[in-house]
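> input.csv is the file, holding CSV, C-alpha atoms:
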```
chain,number,residue,atom,x,y,z
A,1384,MET,CA,37.5,9.0,2.2
A,1385,SER,CA,35.1,10.1,-0.5
A,1386,THR,CA,35.6,13.6,-1.9
A,1387,GLU,CA,32.4,13.5,-4.0
A,1388,ASP,CA,30.5,16.8,-3.9
A,1389,PRO,CA,27.1,16.1,-2.2
A,1390,ALA,CA,25.3,18.6,-4.4
A,1391,GLY,CA,26.9,17.2,-7.6
A,1392,ALA,CA,26.0,13.6,-6.5
A,1393,ALA,CA,22.4,14.7,-5.9
A,1394,VAL,CA,22.2,16.2,-9.4
A,1395,ARG,CA,23.7,13.0,-10.9
A,1396,GLN,CA,21.2,10.9,-9.0
A,1397,ALA,CA,18.3,13.0,-10.1
A,1398,ASN,CA,19.4,12.8,-13.7
A,1399,ALA,CA,19.8,9.0,-13.5
A,1400,ALA,CA,16.3,8.8,-11.9
A,1401,ALA,CA,14.8,10.9,-14.7
A,1402,CYS,CA,16.4,8.8,-17.5
A,1403,LEU,CA,15.5,5.5,-15.8
A,1404,THR,CA,11.9,6.6,-15.3
A,1405,VAL,CA,11.4,7.5,-18.9
A,1406,LEU,CA,13.0,4.2,-20.1
A,1407,ARG,CA,10.8,2.3,-17.7
A,1408,ASP,CA,7.6,4.0,-18.8
A,1409,GLN,CA,8.2,3.7,-22.5
A,1410,LEU,CA,7.1,0.6,-24.5
A,1411,ARG,CA,10.1,0.7,-26.8
A,1412,PRO,CA,13.9,1.4,-26.6
A,1413,LEU,CA,15.1,5.0,-26.9
A,1414,THR,CA,18.2,6.6,-28.4
A,1415,ILE,CA,20.3,9.1,-26.6
A,1416,ALA,CA,18.7,11.9,-28.6
A,1417,GLU,CA,15.2,10.7,-27.7
A,1418,LEU,CA,16.1,10.4,-24.0
A,1419,ALA,CA,17.6,13.9,-24.1
A,1420,LEU,CA,14.4,15.3,-25.6
A,1421,ALA,CA,12.1,13.4,-23.1
A,1422,THR,CA,14.1,14.4,-20.0
A,1423,GLY,CA,15.2,17.9,-21.0
A,1424,LEU,CA,18.8,16.9,-20.3
A,1425,SER,CA,21.8,17.4,-22.6
A,1426,ARG,CA,23.0,14.6,-24.8
A,1427,PRO,CA,26.4,14.4,-23.1
A,1428,THR,CA,24.6,14.1,-19.7
A,1429,VAL,CA,22.3,11.4,-20.9
A,1430,ASN,CA,25.2,9.5,-22.5
A,1431,ALA,CA,27.0,9.6,-19.1
A,1432,VAL,CA,23.9,8.4,-17.3
A,1433,ILE,CA,23.3,5.5,-19.7
A,1434,THR,CA,27.0,4.4,-19.3
A,1435,ASP,CA,26.5,4.2,-15.6
A,1436,LEU,CA,23.0,2.5,-15.9
A,1437,LEU,CA,24.4,-0.2,-18.2
A,1438,ARG,CA,26.7,-1.2,-15.4
A,1439,SER,CA,24.4,-0.9,-12.4
A,1440,GLY,CA,20.8,-0.6,-13.5
A,1441,PRO,CA,18.2,-2.7,-15.4
A,1442,VAL,CA,19.1,-1.0,-18.7
A,1443,ARG,CA,20.2,-3.0,-21.7
A,1444,SER,CA,21.5,-2.1,-25.2
A,1445,ALA,CA,18.8,-2.8,-27.7
A,1446,GLY,CA,20.9,-2.5,-30.9
A,1447,SER,CA,20.9,0.3,-33.4
A,1448,ARG,CA,18.0,2.1,-35.1
A,1449,GLN,CA,18.1,4.3,-38.1
A,1450,ALA,CA,17.4,7.9,-37.2
A,1451,PRO,CA,15.2,10.1,-39.4
A,1452,GLY,CA,17.2,11.7,-42.3
A,1453,ALA,CA,20.8,11.0,-43.2
A,1454,GLY,CA,23.4,9.7,-40.8
A,1455,ARG,CA,24.5,6.6,-39.1
A,1456,PRO,CA,22.1,4.4,-37.1
A,1457,ALA,CA,21.8,5.4,-33.5
A,1458,ARG,CA,22.2,3.0,-30.7
A,1459,ALA,CA,19.0,2.4,-28.6
A,1460,TYR,CA,18.6,1.4,-25.0
A,1461,GLY,CA,15.7,-0.3,-23.2
A,1462,PHE,CA,14.5,-1.0,-19.7
A,1463,ASP,CA,14.7,-4.7,-18.7
A,1464,PRO,CA,11.7,-5.4,-16.4
A,1465,ASP,CA,12.7,-9.0,-15.9
A,1466,ALA,CA,16.1,-8.2,-14.4
A,1467,GLY,CA,14.5,-8.7,-10.9
A,1468,ARG,CA,11.3,-9.0,-8.8
A,1469,VAL,CA,9.8,-7.0,-5.9
A,1470,ALA,CA,7.2,-8.4,-3.5
A,1471,GLY,CA,4.4,-6.9,-1.5
A,1472,ILE,CA,3.0,-9.1,1.4
A,1473,ASP,CA,-0.2,-8.8,3.5
A,1474,VAL,CA,-0.2,-10.9,6.7
A,1475,GLY,CA,-3.8,-11.3,7.7
A,1476,ASP,CA,-5.5,-13.1,10.6
A,1477,ARG,CA,-6.1,-16.3,8.5
A,1478,ARG,CA,-4.1,-15.9,5.3
A,1479,VAL,CA,-0.9,-14.5,3.9
A,1480,ARG,CA,-1.1,-12.9,0.5
A,1481,ALA,CA,1.7,-11.8,-1.8
A,1482,TRP,CA,2.0,-9.8,-5.0
A,1483,ILE,CA,5.1,-10.0,-7.2
A,1484,ALA,CA,6.0,-7.2,-9.6
A,1485,ASP,CA,8.6,-6.9,-12.2
A,1486,LEU,CA,11.0,-4.0,-12.1
A,1487,ALA,CA,8.6,-1.9,-14.2
A,1488,GLY,CA,5.9,-2.4,-11.6
A,1489,GLY,CA,3.8,-4.8,-13.6
A,1490,LEU,CA,2.1,-7.5,-11.5
A,1491,VAL,CA,3.4,-10.8,-12.7
A,1492,GLY,CA,2.8,-13.2,-9.8
A,1493,ARG,CA,0.4,-13.8,-6.9
A,1494,ALA,CA,0.0,-16.4,-4.2
A,1495,GLU,CA,-2.0,-17.0,-1.0
A,1496,THR,CA,-1.4,-19.3,1.9
A,1497,ARG,CA,-4.1,-20.1,4.4
A,1498,VAL,CA,-3.0,-19.9,8.0
A,1499,PRO,CA,-5.1,-21.9,10.6
A,1500,GLY,CA,-6.1,-20.3,13.8
A,1501,GLY,CA,-3.6,-20.8,16.6
A,1502,THR,CA,-0.6,-20.9,14.2
A,1503,THR,CA,2.6,-19.8,16.1
A,1504,GLY,CA,4.7,-16.8,15.2
A,1505,ALA,CA,7.3,-19.1,13.7
A,1506,GLY,CA,4.6,-20.8,11.7
A,1507,ARG,CA,3.5,-17.5,10.3
A,1508,ILE,CA,7.0,-16.6,9.3
A,1509,ALA,CA,7.2,-20.0,7.5
A,1510,ALA,CA,3.9,-19.1,5.8
A,1511,VAL,CA,5.4,-15.8,4.6
A,1512,ARG,CA,8.4,-17.5,3.1
A,1513,GLN,CA,6.3,-20.1,1.4
A,1514,THR,CA,3.9,-17.5,0.0
A,1515,VAL,CA,6.8,-15.5,-1.4
A,1516,ARG,CA,8.3,-18.7,-3.0
A,1517,ASP,CA,4.9,-19.5,-4.6
A,1518,ALA,CA,4.4,-16.0,-5.9
A,1519,LEU,CA,7.9,-15.9,-7.4
A,1520,ALA,CA,7.3,-19.2,-9.1
A,1521,ASP,CA,4.0,-17.9,-10.4
A,1522,SER,CA,6.0,-14.9,-11.9
A,1523,GLY,CA,8.4,-17.3,-13.6
A,1524,ALA,CA,11.4,-16.1,-11.6
A,1525,GLU,CA,13.8,-17.9,-9.3
A,1526,PRO,CA,14.2,-16.9,-5.6
A,1527,GLY,CA,17.5,-15.1,-6.4
A,1528,ALA,CA,15.6,-12.6,-8.5
A,1529,LEU,CA,14.0,-10.9,-5.4
A,1530,ARG,CA,15.4,-7.4,-4.8
A,1531,SER,CA,13.1,-6.1,-2.1
A,1532,VAL,CA,10.0,-7.0,0.0
A,1533,GLY,CA,7.4,-4.8,1.6
A,1534,ILE,CA,5.3,-6.5,4.3
A,1535,GLY,CA,2.2,-5.3,6.2
A,1536,VAL,CA,1.6,-6.8,9.6
A,1537,PRO,CA,-1.3,-6.6,12.0
A,1538,GLY,CA,0.4,-4.9,15.0
A,1539,ILE,CA,2.1,-1.8,16.3
A,1540,LEU,CA,5.8,-1.3,15.6
A,1541,ASP,CA,8.1,0.5,17.9
A,1542,SER,CA,10.6,3.2,17.0
A,1543,ALA,CA,13.2,0.5,16.2
A,1544,GLY,CA,10.9,-1.3,13.8
A,1545,ARG,CA,10.2,-4.2,16.1
A,1546,VAL,CA,6.7,-5.5,16.7
A,1547,ALA,CA,5.6,-3.9,20.0
A,1548,ARG,CA,2.0,-5.1,20.2
A,1549,SER,CA,-0.1,-7.5,18.1
A,1550,LEU,CA,-3.4,-9.2,19.0
A,1551,ALA,CA,-3.2,-11.3,15.9
A,1552,VAL,CA,0.3,-12.6,16.3
A,1553,PRO,CA,1.4,-12.1,19.9
A,1554,ASP,CA,4.4,-14.4,19.3
A,1555,TRP,CA,5.9,-11.6,17.2
A,1556,ILE,CA,6.1,-9.1,20.0
A,1557,GLY,CA,9.7,-7.9,20.4
A,1558,LEU,CA,10.7,-9.5,17.1
A,1559,ASP,CA,12.8,-7.7,14.5
A,1560,LEU,CA,10.8,-9.2,11.7
A,1561,ALA,CA,12.6,-7.3,8.9
A,1562,ALA,CA,16.0,-8.7,10.0
A,1563,ARG,CA,14.6,-12.2,10.4
A,1564,LEU,CA,13.1,-12.2,6.9
A,1565,GLU,CA,16.1,-10.4,5.3
A,1566,ARG,CA,18.3,-13.4,6.3
A,1567,SER,CA,16.0,-15.9,4.7
A,1568,LEU,CA,14.8,-14.0,1.6
A,1569,GLY,CA,18.2,-12.5,0.8
A,1570,CYS,CA,17.0,-8.9,0.1
A,1571,PRO,CA,16.0,-5.7,2.0
A,1572,VAL,CA,12.7,-6.0,3.8
A,1573,LEU,CA,10.4,-3.1,4.8
A,1574,VAL,CA,7.9,-3.9,7.6
A,1575,GLU,CA,5.0,-1.6,8.4
A,1576,ASN,CA,1.6,-1.7,10.1
A,1577,ASP,CA,-1.0,-3.1,7.6
A,1578,ILE,CA,-3.5,-0.2,8.0
A,1579,LYS,CA,-0.9,2.5,7.6
A,1580,LEU,CA,0.2,0.9,4.3
A,1581,ALA,CA,-3.4,0.8,3.1
A,1582,ALA,CA,-3.7,4.4,4.0
A,1583,LEU,CA,-0.5,5.3,2.1
A,1584,ALA,CA,-1.7,3.4,-1.0
A,1585,GLU,CA,-5.0,5.4,-1.0
A,1586,GLN,CA,-3.1,8.7,-0.7
A,1587,ARG,CA,-0.8,7.8,-3.6
A,1588,LEU,CA,-3.8,6.8,-5.8
A,1589,ARG,CA,-5.8,10.0,-5.1
A,1590,SER,CA,-5.4,13.6,-6.4
A,1591,ASP,CA,-7.5,15.4,-3.8
A,1592,GLY,CA,-4.7,16.3,-1.3
A,1593,ASP,CA,-1.8,14.9,0.7
A,1594,ASP,CA,-3.7,14.8,4.0
A,1595,LEU,CA,-6.2,12.2,4.8
A,1596,VAL,CA,-7.8,10.2,7.6
A,1597,PHE,CA,-8.1,6.5,6.8
A,1598,LEU,CA,-10.6,4.2,8.5
A,1599,GLN,CA,-10.4,0.4,8.0
A,1600,LEU,CA,-13.9,-1.0,8.6
A,1601,GLY,CA,-14.2,-4.7,8.7
A,1602,HIS,CA,-14.6,-7.1,11.6
A,1603,ARG,CA,-12.8,-4.3,13.6
A,1604,ILE,CA,-12.1,-0.6,13.1
A,1605,SER,CA,-8.6,0.8,12.7
A,1606,ALA,CA,-7.3,4.2,11.8
A,1607,ALA,CA,-4.2,5.7,10.1
A,1608,LEU,CA,-3.2,9.2,9.2
A,1609,ILE,CA,-1.4,10.6,6.2
A,1610,MET,CA,0.0,14.1,6.5
A,1611,ASN,CA,2.1,15.9,3.9
A,1612,GLY,CA,2.1,12.8,1.7
A,1613,ALA,CA,3.6,10.5,4.4
A,1614,ILE,CA,2.4,8.2,7.1
A,1615,LEU,CA,2.0,10.2,10.3
A,1616,GLN,CA,3.9,8.1,12.9
A,1617,GLY,CA,4.5,10.4,15.9
A,1618,ARG,CA,7.4,10.1,18.3
A,1619,HIS,CA,6.7,6.5,19.2
A,1620,ARG,CA,4.9,5.4,16.0
A,1621,LEU,CA,1.5,5.5,17.9
A,1622,ALA,CA,-0.3,8.1,15.8
A,1623,GLY,CA,-3.8,6.9,15.0
A,1624,GLU,CA,-3.6,3.8,17.3
A,1625,LEU,CA,-6.9,4.5,19.1
A,1626,GLY,CA,-7.1,0.9,20.1
A,1627,SER,CA,-4.3,1.5,22.6
A,1628,LEU,CA,-6.6,3.9,24.6
A,1629,ARG,CA,-7.9,2.2,27.8
A,1630,GLY,CA,-11.6,1.7,27.6
A,1631,MET,CA,-11.7,2.7,23.9
A,1632,ARG,CA,-14.8,1.1,22.1
A,1633,TRP,CA,-15.9,2.2,18.7
A,1634,THR,CA,-19.4,0.9,19.5
A,1635,GLU,CA,-21.1,-0.2,22.8
A,1636,SER,CA,-21.7,-3.7,21.4
A,1637,SER,CA,-18.1,-4.4,20.3
A,1638,VAL,CA,-16.2,-7.0,22.2
A,1639,ARG,CA,-12.4,-6.6,22.5
A,1640,GLY,CA,-12.6,-4.4,19.4
A,1641,ARG,CA,-14.6,-6.8,17.3
A,1642,LEU,CA,-17.8,-5.4,16.0
A,1643,ARG,CA,-21.1,-7.1,16.8
A,1644,TRP,CA,-24.3,-6.8,14.8
A,1645,ARG,CA,-28.0,-7.4,15.6
A,1646,THR,CA,-29.9,-7.7,12.3
A,1647,ALA,CA,-27.5,-10.3,10.9
A,1648,ARG,CA,-24.4,-12.3,11.8
A,1649,THR,CA,-22.0,-10.2,9.8
A,1650,GLY,CA,-21.7,-6.5,8.9
A,1651,ARG,CA,-21.6,-7.4,5.3
A,1652,LYS,CA,-25.0,-9.1,5.5
A,1653,VAL,CA,-26.4,-6.2,7.5
A,1654,PHE,CA,-25.4,-3.7,4.8
A,1655,GLU,CA,-26.8,-6.1,2.1
A,1656,LEU,CA,-30.1,-6.1,3.9
A,1657,ALA,CA,-30.1,-2.3,4.3
A,1658,ARG,CA,-29.4,-1.9,0.6
A,1659,SER,CA,-32.4,-4.1,-0.3
A,1660,GLY,CA,-34.7,-1.9,1.9
A,1661,ASP,CA,-34.8,-3.8,5.2
A,1662,HIS,CA,-35.9,-1.3,7.7
A,1663,ARG,CA,-34.3,-2.9,10.7
A,1664,ALA,CA,-31.0,-3.2,8.9
A,1665,THR,CA,-31.2,0.4,7.7
A,1666,ALA,CA,-31.8,1.6,11.3
A,1667,GLU,CA,-28.8,-0.4,12.5
A,1668,VAL,CA,-26.6,1.0,9.8
A,1669,GLU,CA,-27.7,4.6,10.8
A,1670,ALA,CA,-27.1,3.9,14.5
A,1671,PHE,CA,-23.7,2.4,13.7
A,1672,CYS,CA,-22.7,5.5,11.7
A,1673,ALA,CA,-23.9,7.8,14.4
A,1674,GLU,CA,-22.0,5.9,17.1
A,1675,ILE,CA,-18.6,5.9,15.3
A,1676,ALA,CA,-18.9,9.4,13.9
A,1677,PRO,CA,-17.8,11.4,17.0
A,1678,LYS,CA,-14.5,9.6,17.1
A,1679,ILE,CA,-13.9,10.1,13.4
A,1680,ALA,CA,-14.8,13.7,13.7
A,1681,THR,CA,-12.4,14.1,16.6
A,1682,LEU,CA,-9.6,12.7,14.4
A,1683,ALA,CA,-10.7,15.1,11.6
A,1684,LEU,CA,-10.5,18.1,13.9
A,1685,THR,CA,-7.1,17.0,15.2
A,1686,VAL,CA,-5.4,16.9,11.8
A,1687,ASP,CA,-7.8,18.8,9.5
A,1688,PRO,CA,-7.6,16.4,6.5
A,1689,SER,CA,-8.8,17.0,3.0
A,1690,VAL,CA,-10.7,13.7,2.9
A,1691,ILE,CA,-11.7,10.8,5.1
A,1692,ILE,CA,-11.3,7.5,3.3
A,1693,ILE,CA,-13.2,4.4,4.4
A,1694,GLY,CA,-11.6,1.1,3.5
A,1695,GLY,CA,-11.9,-2.5,4.5
A,1696,GLY,CA,-14.6,-5.0,3.7
A,1697,LEU,CA,-17.5,-2.8,4.8
A,1698,SER,CA,-16.5,-0.1,2.4
A,1699,GLN,CA,-17.8,-2.4,-0.4
A,1700,ALA,CA,-21.3,-1.4,0.7
A,1701,GLY,CA,-20.7,1.9,-1.2
A,1702,ASP,CA,-23.3,4.6,-0.7
A,1703,THR,CA,-25.2,2.4,1.8
A,1704,LEU,CA,-22.4,3.2,4.2
A,1705,ILE,CA,-20.8,6.4,2.9
A,1706,GLU,CA,-24.0,8.5,2.8
A,1707,PRO,CA,-25.2,7.9,6.4
A,1708,LEU,CA,-21.6,8.1,7.7
A,1709,THR,CA,-21.0,11.4,5.9
A,1710,ALA,CA,-24.2,12.8,7.3
A,1711,ALA,CA,-23.3,11.7,10.8
A,1712,ILE,CA,-19.7,13.1,10.7
A,1713,HIS,CA,-20.8,16.4,9.2
A,1714,HIS,CA,-23.5,16.7,11.8
A,1715,ASP,CA,-20.9,16.4,14.6
A,1716,LEU,CA,-18.6,19.1,13.0
A,1717,MET,CA,-19.7,22.6,13.7
A,1718,THR,CA,-17.1,24.0,11.2
A,1719,ASP,CA,-18.0,25.6,7.9
A,1720,ASP,CA,-15.3,23.4,6.1
A,1721,LYS,CA,-16.0,19.7,6.4
A,1722,PRO,CA,-13.9,17.0,4.8
A,1723,ALA,CA,-15.3,14.8,2.1
A,1724,VAL,CA,-15.9,11.2,3.0
A,1725,ALA,CA,-15.2,8.6,0.3
A,1726,ALA,CA,-14.9,4.9,-0.2
A,1727,ALA,CA,-11.3,3.5,-0.7
A,1728,HIS,CA,-10.1,2.7,-4.2
A,1729,LEU,CA,-8.8,-0.6,-2.8
A,1730,ALA,CA,-11.3,-2.1,-0.4
A,1731,THR,CA,-9.3,-5.2,0.5
A,1732,GLU,CA,-6.1,-4.9,-1.5
A,1733,GLY,CA,-4.8,-1.7,0.1
A,1734,THR,CA,-2.2,-3.3,2.3
A,1735,LEU,CA,-0.8,-5.3,-0.6
A,1736,CYS,CA,-0.6,-2.2,-2.8
A,1737,GLY,CA,1.0,-0.2,0.0
A,1738,ALA,CA,3.5,-2.9,0.8
A,1739,LEU,CA,4.6,-3.2,-2.8
A,1740,GLY,CA,4.7,0.5,-3.5
A,1741,SER,CA,6.6,1.2,-0.3
A,1742,ALA,CA,9.2,-1.4,-1.2
A,1743,PHE,CA,9.7,0.4,-4.6
A,1744,GLU,CA,9.9,3.8,-2.9
A,1745,PHE,CA,12.2,3.1,0.0
A,1746,HIS,CA,14.4,0.6,-1.7
A,1747,SER,CA,14.7,2.2,-5.1
A,1748,ALA,CA,18.5,2.1,-5.0
A,1749,GLU,CA,18.6,-1.6,-4.2
A,1750,ILE,CA,15.9,-2.4,-6.8
A,1751,LEU,CA,16.9,-0.2,-9.7
A,1752,GLY,CA,20.4,0.9,-8.8
A,1753,VAL,CA,19.2,4.5,-8.5
A,1754,PRO,CA,17.5,6.2,-5.5
A,1755,GLY,CA,14.5,8.4,-6.0
A,1756,VAL,CA,12.8,6.6,-8.9
A,1757,PRO,CA,9.0,7.1,-8.4
A,1758,ALA,CA,6.9,4.0,-7.9
A,1759,ARG,CA,4.2,3.2,-10.4
A,1760,TRP,CA,1.3,3.2,-7.9
A,1761,SER,CA,-1.3,3.5,-10.6
A,1762,SER,CA,-0.2,0.1,-12.0
A,1763,TRP,CA,-1.9,-1.6,-9.0
A,1764,ALA,CA,-5.1,0.3,-8.9
A,1765,ASP,CA,-7.0,-1.8,-11.5
A,1766,THR,CA,-6.0,-5.4,-10.8
A,1767,PRO,CA,-8.7,-8.0,-11.6
A,1768,THR,CA,-9.5,-8.2,-7.9
A,1769,THR,CA,-10.1,-4.5,-7.4
A,1770,GLN,CA,-12.1,-4.4,-10.6
A,1771,ARG,CA,-14.5,-7.0,-9.1
A,1772,GLU,CA,-14.7,-5.1,-5.8
A,1773,ASN,CA,-15.5,-1.8,-7.6
A,1774,ALA,CA,-18.2,-3.5,-9.6
A,1775,ARG,CA,-19.8,-4.8,-6.4
A,1776,MET,CA,-19.6,-1.4,-4.7
A,1777,THR,CA,-21.4,0.3,-7.5
A,1778,ARG,CA,-24.2,-2.2,-8.0
```
Let me see the structure of the file written as structure tokens.


Amino acid sequence: MSTEDPAGAAVRQANAAACLTVLRDQLRPLTIAELALATGLSRPTVNAVITDLLRSGPVRSAGSRQAPGAGRPARAYGFDPDAGRVAGIDVGDRRVRAWIADLAGGLVGRAETRVPGGTTGAGRIAAVRQTVRDALADSGAEPGALRSVGIGVPGILDSAGRVARSLAVPDWIGLDLAARLERSLGCPVLVENDIKLAALAEQRLRSDGDDLVFLQLGHRISAALIMNGAILQGRHRLAGELGSLRGMRWTESSVRGRLRWRTARTGRKVFELARSGDHRATAEVEAFCAEIAPKIATLALTVDPSVIIIGGGLSQAGDTLIEPLTAAIHHDLMTDDKPAVAAAHLATEGTLCGALGSAFEFHSAEILGVPGVPARWSSWADTPTTQRENARMTR
């Protein structure tokens, strides 16, 4: 039976997390004295932490370095980002995408696997495995380097983490996907709803509050809520699952939740026409915003967020969507204080970012040997893909 003092253990973990975070975020090895200065910890405390991290964490001795002034050279220690890999996966309707990060959070590998329509649940699991293998190979690492995986899935999870409902992958209903993948990938796996992960990523990348309503606007509309810096799940993980309300339709023209458009075949094209000045498309955009605004306003009055974030493919329309939608939502709210409405930082990469960041957050002990090391969310905000998306949104 362990007799370790819980309070003392918590302090030691916090000290280790502080030292590891500084080593990870530096571009060069540091001495004990430099680590003590950077963390505010005593040199004996830092020395004890480093001794432990050399055994269990991604810390390596980096030789000796001459300190300023007289005295013997001091031994330096560095963070080894290539000691392992972490994966974030987005399971979409027609493709599986994966990001691979090194232990410092740097993106070092990517892969994508197309999934034909009608693919079985088992076939999609095989696609996930193949995509992870391809992304690991792209990162220059072997499969055994994988320390954790976060995966976003299109469906509702129950309180036990099993898939309870999924229109996209009905074969997964009742499946403990995390357990299935852990056996084949050989590491801890975190499974979460794809929209909730995208919402979490947006919250982590923003500085205007811990509470937000997130709307994913694409072929369909989905919602997620972030309260006090965490995904609002509710008793049965159903918070924000408006699609589970009988008779729920975001628009009168939608069919089984899928949006339908009159001016053009796709929403993207409708917004492109509206941006170019097409009057019919502009009228359709305004009518669309007025139709969905009451439901968004209801969510806003329920949780009183600081901001409403619009993600998904349609968010790339920028102000062509955000301005009329803001006007429609604010018109429906009779309150003096109205939440801001803003386009997502990550229009289509939110789930990947959320999956990767959640893996780092929830599996810090398995990844780094120390719990509580903060994930480097900002590392994934300016990937080449998101840079291209942001350029399109601002044109």

> Using all atoms listed in the file for the distances, tell me which of A:Ser1590, A:Ser1567, A:Thr1514, A:Gln1616 is nearest to Ser1542 in chain A.

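Checking each of A:Ser1590, A:Ser1567, A:Thr1514, A:Gln1616 against Ser1542 in chain A, counting all atoms listed in the file, the winner is A:Gln1616.
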
> With all atoms listed in the file as the basis for distance, which of A:Ile1705, A:Leu1621, A:Leu1529, A:Ala1581 is at the shortest distance from Glu1565 in chain A?

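Checking each of A:Ile1705, A:Leu1621, A:Leu1529, A:Ala1581 against Glu1565 in chain A, counting all atoms listed in the file, the winner is A:Leu1529.
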
> Which residue gives the smallest distance to Ile1578 in chain A among A:Val1442, A:Leu1519, A:Ala1730, A:Ala1399, with only C-alpha atoms counted?

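That would be A:Ala1730, the residue with the smallest distance to Ile1578 in chain A.
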
> Identify the residues around (-14.4, 7.7, 5.7) within a radius of 7 Å, measuring from only C-alpha atoms in the coordinates stated by the file, and give them as number ranges by chain.

A: 1597-1598, 1691-1693, 1724-1726

> CA of Glu1744 in chain A and CA of Gly1612 in chain A are how many Å apart?

12.8 Å

> Using CA of Gly1471 in chain A and CA of Ser1522 in chain A as the two end points, give the distance in Å to one decimal.

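Value for the CA of Gly1471 in chain A-CA of Ser1522 in chain A distance: 13.2 Å.
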